[in-house]
Every structure is written in C-alpha cells, then in structure tokens.
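Following: one structure in structure tokens, then a few remarks.
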Amino acid sequence: MDAQQEWEKLQAAASFLRGRVPESPKIGLVMGSGLSAALGPLDRETSVPWGEIPHFPQPTVEGHAGELTFGTLAGKSLVVQRGRVHYYEGRSMREIVFPVRLLKLLGVEILVLTNAAGAINDAFSVGDFVLITDHINTIPDNPLRGPNLDALGPRFPNLNDAYSPRLRGLAHEAAREVGLTLREGVYVATPGPMYETPAEIQAYKRLGADLVGMSTVPEVIAARHCGLEVLGISCVTNYAAGIRPEARPTHEEVLEVTQQREQDLAKLLRALLPRL
Ligand code: HPA
C-alpha cells in the first residue's frame, strides 16, 4: 500500500463523515471493548456504523459491529469509537490506526484511549484505573513502517511525553472530583491473542512495565505521528500471569471486571471532559 493510496482512503472516509455529522469535534474517545456501555448515549447523538464509512476496517467475527458516535457529553463535542481492531485479529497496522488518522482529519486534537490490562505491578489492584505514562512495544510491527504519510507527520517522530503530562494532570484532578484514585504506569503491548507466560511477565517486569495489554500502542504511535495529544487509561482487569499464584488470566474475568468498572470510568470521563 503506498502512501498516496492510504491518504486518498483517509480523505474519502473523512469527506463522507463531514457530510454526515453536524460539527467537527476536538476530542476523540476510544472505548475498549466492555468499557463503553456505561457512557450511555451522547447528547444530540449521530451514530455512523463502521460498515458505512468508506475504507474503515470492519470488525472480524469475534469483535462486535462498531460505530462512530458524534455528539456532546458534559457539554463537550466529541466523537466516540466503541471498540477497536487488534493486531491479534490479523489486521495490518494501517487498518488498526485508520480510525485514529481519520479522527485527525476530522479535526480531533485530543485522543483519549481506554483499554483493559493485566497488572504486572503487584501494588495495583484489580479494578484500578491506571494512567499510562509510557509504553514498550513488543508487537512485531508498527504503523509508521513503510512510506511516510508526509501530510500527516514527520518520517522520524519522537515519542517523548507521548502520553501527555498535561492531560494526566487534568485526569488526576477529575478523579479527585469524583472520589477515584488513579495510578500511573508503563504499558507493554503484546501481540496476543494468548495471554503471556509467567516468564514473559517477569521479563517485562524487569524491563520496567507495570501493565500488559494487546492494544493501544499502535494507535498512540499513529496519534503522536500526526500530532494528537494523547491520554491513555487502563482498567486493571486481572493480575498478569504468575504475578499472584492464582493469576491465570481468562477472557471471562477481563469482561467481568470491565463490566464492574465501566460506571466509574464513565464518571471519570464525564468529570474529565469539561477540563479538556
Ligand atoms: N495480558 C494481556 N492483555 C490483557 C491482560 C493480560 O493479562 N488483561 C487484559 N488484557
């Protein structure tokens, strides 16, 4: 796929959406699976199914049909992407980050990404919300490899402060307002779909990781490339393999904990939005 073709696909998707939605939001919110229901409908909501957006990656069987939802929440105009596509589904990096780049073309400036993650740091508790401070990528690819999309960003972007210290400060303020405590930590992205071995988790711990998950990092790389300001929030759904004697991650527990915690995440986001 050459850069020109990719750019044309993004332009086609953006102009389609400009014709469908009333205003262009400055805030994009990507909700990890299981985390978005409690957010509820937006005010003055317009939803566009992924299937209608030209070139938008379509969910595979295991993912559920996604939508991009435009509207306002807590007085702020935003676009919410419920669910995402993952590397483990066999998707290319270009597909995984297509939505991020599309949001950029629509005028988004701040991207808030949420996910479920396993805790490597044993000071974390299941159910904690953790602000991502930095990442380690072990997915054997990244979205910037290949011809650069010069219209979006530089060939060699840096990833210092990829997770905005300013936005992290605002998130802590919002959390205090609603009586939540946010932790902070380094997120390691793994290719999945299998959970890690205990030996891998020990290795990641020594490398400095506090959290492990199978998403987010490709999106952050693409978001920083095109100059979006990023906030990453993980919901700790389990201890990573071997961190506790009983720690054997299952998809069921991940889903169960996201369901238990999505109300509080929605509360946090409602308190955060007016500050953005
Ligand atoms: N490992 C990888 N991804 C995850 C985990 C985990 O333990 N928990 C939730 N997503």
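If you're wondering about the labels, chains in the structure tokens are A, B, ... by order shown, residues count from 1 in each chain, ligands from 1 in order shown.
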
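Residues lying within 8 Å of Pro218 (chain A), counting only C-alpha atoms and ignoring same-chain neighbours fewer than 3 positions away, are Met93, Ile96, Val97, Asn142, Pro143, Ser215, Ile221 and Ala222 of chain A.
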
Closest atom pairs, residues of region 30-80 of chain A within 7 Å of region 101-122 of chain A, only C-alpha atoms, as a Markdown table:
| residue | atom | partner | partner_atom | distance |
| --- | --- | --- | --- | --- |
| A:Val30 | CA | A:Leu113 | CA | 4.8 |
| A:Met31 | CA | A:Thr114 | CA | 5.3 |
| A:Gly32 | CA | A:Asn115 | CA | 4.6 |

Neighbouring residues of ligand 1 are defined here as those with any atom at most 9 Å from a ligand atom, counting only C-alpha atoms and all ligand atoms; list them as a PDB file with N, CA and C atoms, in the first residue's frame.
ATOM      1  N   ASN A 115      -8.483   1.022  27.738  1.00  0.00           N
ATOM      2  CA  ASN A 115      -8.298  -0.407  27.472  1.00  0.00           C
ATOM      3  C   ASN A 115      -8.394  -1.205  28.769  1.00  0.00           C
ATOM      4  N   ALA A 116      -8.456  -2.514  28.607  1.00  0.00           N
ATOM      5  CA  ALA A 116      -8.341  -3.431  29.738  1.00  0.00           C
ATOM      6  C   ALA A 116      -6.897  -3.921  29.765  1.00  0.00           C
ATOM      7  N   ALA A 117      -6.332  -4.078  30.946  1.00  0.00           N
ATOM      8  CA  ALA A 117      -4.941  -4.513  31.025  1.00  0.00           C
ATOM      9  C   ALA A 117      -4.726  -5.415  32.232  1.00  0.00           C
ATOM     10  N   GLY A 118      -3.673  -6.230  32.135  1.00  0.00           N
ATOM     11  CA  GLY A 118      -3.259  -7.047  33.263  1.00  0.00           C
ATOM     12  C   GLY A 118      -2.226  -6.275  34.083  1.00  0.00           C
ATOM     13  N   ALA A 119      -2.247  -6.455  35.405  1.00  0.00           N
ATOM     14  CA  ALA A 119      -1.286  -5.758  36.260  1.00  0.00           C
ATOM     15  C   ALA A 119      -0.023  -6.586  36.415  1.00  0.00           C
ATOM     16  N   ILE A 120       1.106  -5.986  36.070  1.00  0.00           N
ATOM     17  CA  ILE A 120       2.416  -6.584  36.341  1.00  0.00           C
ATOM     18  C   ILE A 120       2.920  -6.031  37.675  1.00  0.00           C
ATOM     19  N   VAL A 188       3.033  -2.305  28.507  1.00  0.00           N
ATOM     20  CA  VAL A 188       3.701  -3.068  27.451  1.00  0.00           C
ATOM     21  C   VAL A 188       2.632  -3.696  26.558  1.00  0.00           C
ATOM     22  N   ALA A 189       2.785  -3.484  25.246  1.00  0.00           N
ATOM     23  CA  ALA A 189       1.837  -4.054  24.282  1.00  0.00           C
ATOM     24  C   ALA A 189       2.401  -5.353  23.742  1.00  0.00           C
ATOM     25  N   THR A 190       1.590  -6.411  23.826  1.00  0.00           N
ATOM     26  CA  THR A 190       1.996  -7.712  23.302  1.00  0.00           C
ATOM     27  C   THR A 190       1.106  -8.048  22.097  1.00  0.00           C
ATOM     28  N   PRO A 191       1.603  -8.941  21.209  1.00  0.00           N
ATOM     29  CA  PRO A 191       0.816  -9.217  20.009  1.00  0.00           C
ATOM     30  C   PRO A 191      -0.455 -10.014  20.277  1.00  0.00           C
ATOM     31  N   GLY A 192      -0.501 -10.806  21.375  1.00  0.00           N
ATOM     32  CA  GLY A 192      -1.656 -11.649  21.629  1.00  0.00           C
ATOM     33  C   GLY A 192      -1.811 -12.682  20.511  1.00  0.00           C
ATOM     34  N   PRO A 193      -2.931 -13.409  20.448  1.00  0.00           N
ATOM     35  CA  PRO A 193      -4.076 -13.325  21.354  1.00  0.00           C
ATOM     36  C   PRO A 193      -3.884 -14.105  22.658  1.00  0.00           C
ATOM     37  N   MET A 194      -2.833 -14.913  22.745  1.00  0.00           N
ATOM     38  CA  MET A 194      -2.670 -15.653  24.008  1.00  0.00           C
ATOM     39  C   MET A 194      -2.184 -14.693  25.078  1.00  0.00           C
ATOM     40  N   TYR A 195      -2.612 -14.966  26.306  1.00  0.00           N
ATOM     41  CA  TYR A 195      -2.022 -14.243  27.425  1.00  0.00           C
ATOM     42  C   TYR A 195      -0.579 -14.690  27.546  1.00  0.00           C
ATOM     43  N   GLU A 196       0.196 -13.932  28.305  1.00  0.00           N
ATOM     44  CA  GLU A 196       1.638 -14.132  28.349  1.00  0.00           C
ATOM     45  C   GLU A 196       1.993 -15.324  29.246  1.00  0.00           C
ATOM     46  N   ILE A 201       6.118 -12.380  31.618  1.00  0.00           N
ATOM     47  CA  ILE A 201       5.700 -11.305  32.528  1.00  0.00           C
ATOM     48  C   ILE A 201       6.867 -10.887  33.435  1.00  0.00           C
ATOM     49  N   LEU A 211       1.992  -2.689  33.372  1.00  0.00           N
ATOM     50  CA  LEU A 211       0.715  -3.142  32.823  1.00  0.00           C
ATOM     51  C   LEU A 211       0.978  -3.860  31.520  1.00  0.00           C
ATOM     52  N   VAL A 212       0.100  -4.819  31.189  1.00  0.00           N
ATOM     53  CA  VAL A 212       0.260  -5.501  29.901  1.00  0.00           C
ATOM     54  C   VAL A 212      -1.091  -5.587  29.201  1.00  0.00           C
ATOM     55  N   GLY A 213      -1.046  -5.373  27.887  1.00  0.00           N
ATOM     56  CA  GLY A 213      -2.279  -5.463  27.103  1.00  0.00           C
ATOM     57  C   GLY A 213      -1.962  -5.674  25.636  1.00  0.00           C
ATOM     58  N   MET A 214      -3.011  -5.827  24.826  1.00  0.00           N
ATOM     59  CA  MET A 214      -2.836  -6.189  23.405  1.00  0.00           C
ATOM     60  C   MET A 214      -3.304  -5.093  22.456  1.00  0.00           C
ATOM     61  N   SER A 215      -3.349  -3.858  22.922  1.00  0.00           N
ATOM     62  CA  SER A 215      -3.872  -2.784  22.052  1.00  0.00           C
ATOM     63  C   SER A 215      -3.120  -1.494  22.305  1.00  0.00           C
ATOM     64  N   CYS A 235      -7.862  -0.042  32.552  1.00  0.00           N
ATOM     65  CA  CYS A 235      -8.614  -0.624  33.666  1.00  0.00           C
ATOM     66  C   CYS A 235      -7.945  -1.961  33.983  1.00  0.00           C
ATOM     67  N   VAL A 236      -7.429  -2.106  35.182  1.00  0.00           N
ATOM     68  CA  VAL A 236      -6.779  -3.373  35.562  1.00  0.00           C
ATOM     69  C   VAL A 236      -7.861  -4.433  35.770  1.00  0.00           C
ATOM     70  N   THR A 237      -7.837  -5.442  34.923  1.00  0.00           N
ATOM     71  CA  THR A 237      -8.882  -6.470  34.999  1.00  0.00           C
ATOM     72  C   THR A 237      -8.387  -7.749  35.674  1.00  0.00           C
ATOM     73  N   ASN A 238      -7.085  -7.874  35.833  1.00  0.00           N
ATOM     74  CA  ASN A 238      -6.517  -9.121  36.375  1.00  0.00           C
ATOM     75  C   ASN A 238      -5.052  -8.896  36.697  1.00  0.00           C
ATOM     76  N   TYR A 239      -4.493  -9.775  37.510  1.00  0.00           N
ATOM     77  CA  TYR A 239      -3.034  -9.807  37.633  1.00  0.00           C
ATOM     78  C   TYR A 239      -2.484 -10.574  36.444  1.00  0.00           C
ATOM     79  N   ALA A 240      -1.388 -10.081  35.894  1.00  0.00           N
ATOM     80  CA  ALA A 240      -0.756 -10.762  34.766  1.00  0.00           C
ATOM     81  C   ALA A 240      -0.251 -12.133  35.223  1.00  0.00           C
ATOM     82  N   ALA A 241      -0.059 -13.015  34.246  1.00  0.00           N
ATOM     83  CA  ALA A 241       0.281 -14.418  34.539  1.00  0.00           C
ATOM     84  C   ALA A 241       1.437 -14.531  35.536  1.00  0.00           C
ATOM     85  N   ALA A 247      -2.882 -16.262  39.558  1.00  0.00           N
ATOM     86  CA  ALA A 247      -3.111 -15.426  38.371  1.00  0.00           C
ATOM     87  C   ALA A 247      -2.997 -16.229  37.072  1.00  0.00           C
ATOM     88  N   ARG A 248      -4.154 -16.584  36.525  1.00  0.00           N
ATOM     89  CA  ARG A 248      -4.262 -17.251  35.222  1.00  0.00           C
ATOM     90  C   ARG A 248      -5.324 -16.507  34.444  1.00  0.00           C
ATOM     91  N   PRO A 249      -4.909 -15.499  33.665  1.00  0.00           N
ATOM     92  CA  PRO A 249      -5.902 -14.621  33.045  1.00  0.00           C
ATOM     93  C   PRO A 249      -6.884 -15.385  32.160  1.00  0.00           C
ATOM     94  N   THR A 250      -8.148 -14.992  32.219  1.00  0.00           N
ATOM     95  CA  THR A 250      -9.148 -15.522  31.288  1.00  0.00           C
ATOM     96  C   THR A 250      -9.934 -14.350  30.718  1.00  0.00           C
ATOM     97  N   HIS A 251     -10.460 -14.559  29.516  1.00  0.00           N
ATOM     98  CA  HIS A 251     -11.253 -13.517  28.874  1.00  0.00           C
ATOM     99  C   HIS A 251     -12.494 -13.206  29.712  1.00  0.00           C
ATOM    100  N   GLU A 253     -12.839 -13.236  32.988  1.00  0.00           N
ATOM    101  CA  GLU A 253     -12.609 -12.305  34.109  1.00  0.00           C
ATOM    102  C   GLU A 253     -12.352 -10.899  33.587  1.00  0.00           C
ATOM    103  N   VAL A 254     -11.690 -10.794  32.428  1.00  0.00           N
ATOM    104  CA  VAL A 254     -11.456  -9.469  31.851  1.00  0.00           C
ATOM    105  C   VAL A 254     -12.800  -8.786  31.594  1.00  0.00           C
ATOM    106  N   LEU A 255     -13.731  -9.536  30.989  1.00  0.00           N
ATOM    107  CA  LEU A 255     -15.049  -8.956  30.694  1.00  0.00           C
ATOM    108  C   LEU A 255     -15.818  -8.620  31.968  1.00  0.00           C
TER     109      LEU A 255
END

Report task. May I have the residues within 9 Å of Ala271 (chain A) as a list in words, using only C-alpha atoms and disregarding those fewer than 6 positions away in the same chain? Result ->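 Non-adjacent residues within range: Ala74, Ala171, Glu173, Ala174, Ala175, Glu177 and Val178 of chain A.
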
Report task. Enumerate as an MDAnalysis selection string all residues of region 18-233 of chain A assigned to alpha helix (DSSP H) by DSSP on the backbone, naming them with the chain letters and numbers the document uses. Result -> chainID A and resid 18:20 93:105 165:177 198:207 217:225

Report task. Give the strand (DSSP E or B) residues of region 21-232 of chain A, as DSSP finds them on the backbone, and put them as a PyMOL selection string. Result -> chain A and resi 27-31+43-49+67-73+76-82+110-119+129-137+163+182-189+211-213+229-232

Query - Atomic distance CA of Leu39 (chain A) - CA of Glu262 (chain A), expressed in Å with one decimal - result: 7.8 Å

Query raised in the report: For Phe98 (chain A), which residue out of A:Val85, A:Ala162, A:Val48, A:Val230 is the nearest one, using only C-alpha atoms?
Result: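 Of A:Val85, A:Ala162, A:Val48, A:Val230, the one nearest Phe98 (chain A), counting only C-alpha atoms, is A:Val85.
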
Query - Selected residue, from A:Asp134, A:Leu68, A:Leu180, A:Asp141, that lies nearest to Arg91 (chain A) when counting only C-alpha atoms - result: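 For Arg91 (chain A), the nearest of the given residues is A:Asp141.
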
Report task. Quick one: everything within 7 Å of Thr72 (chain A), counting only C-alpha atoms, minus sequence neighbours fewer than 6 positions away in the same chain. Send it as a list in words. Result ->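 Final neighbour list, sorted by chain and number: Leu42, Asp43, Arg44 and Leu78 of chain A.
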
Report task. Compile the contact shell of Arg168 (chain A) as a list in words: residues with an atom at most 9 Å away, counting only C-alpha atoms, same-chain residues fewer than 4 positions apart removed. Result -> Leu131, Ile132, Thr133, Tyr163, Ser164, His172, Glu173, Leu231 and Gly232 of chain A
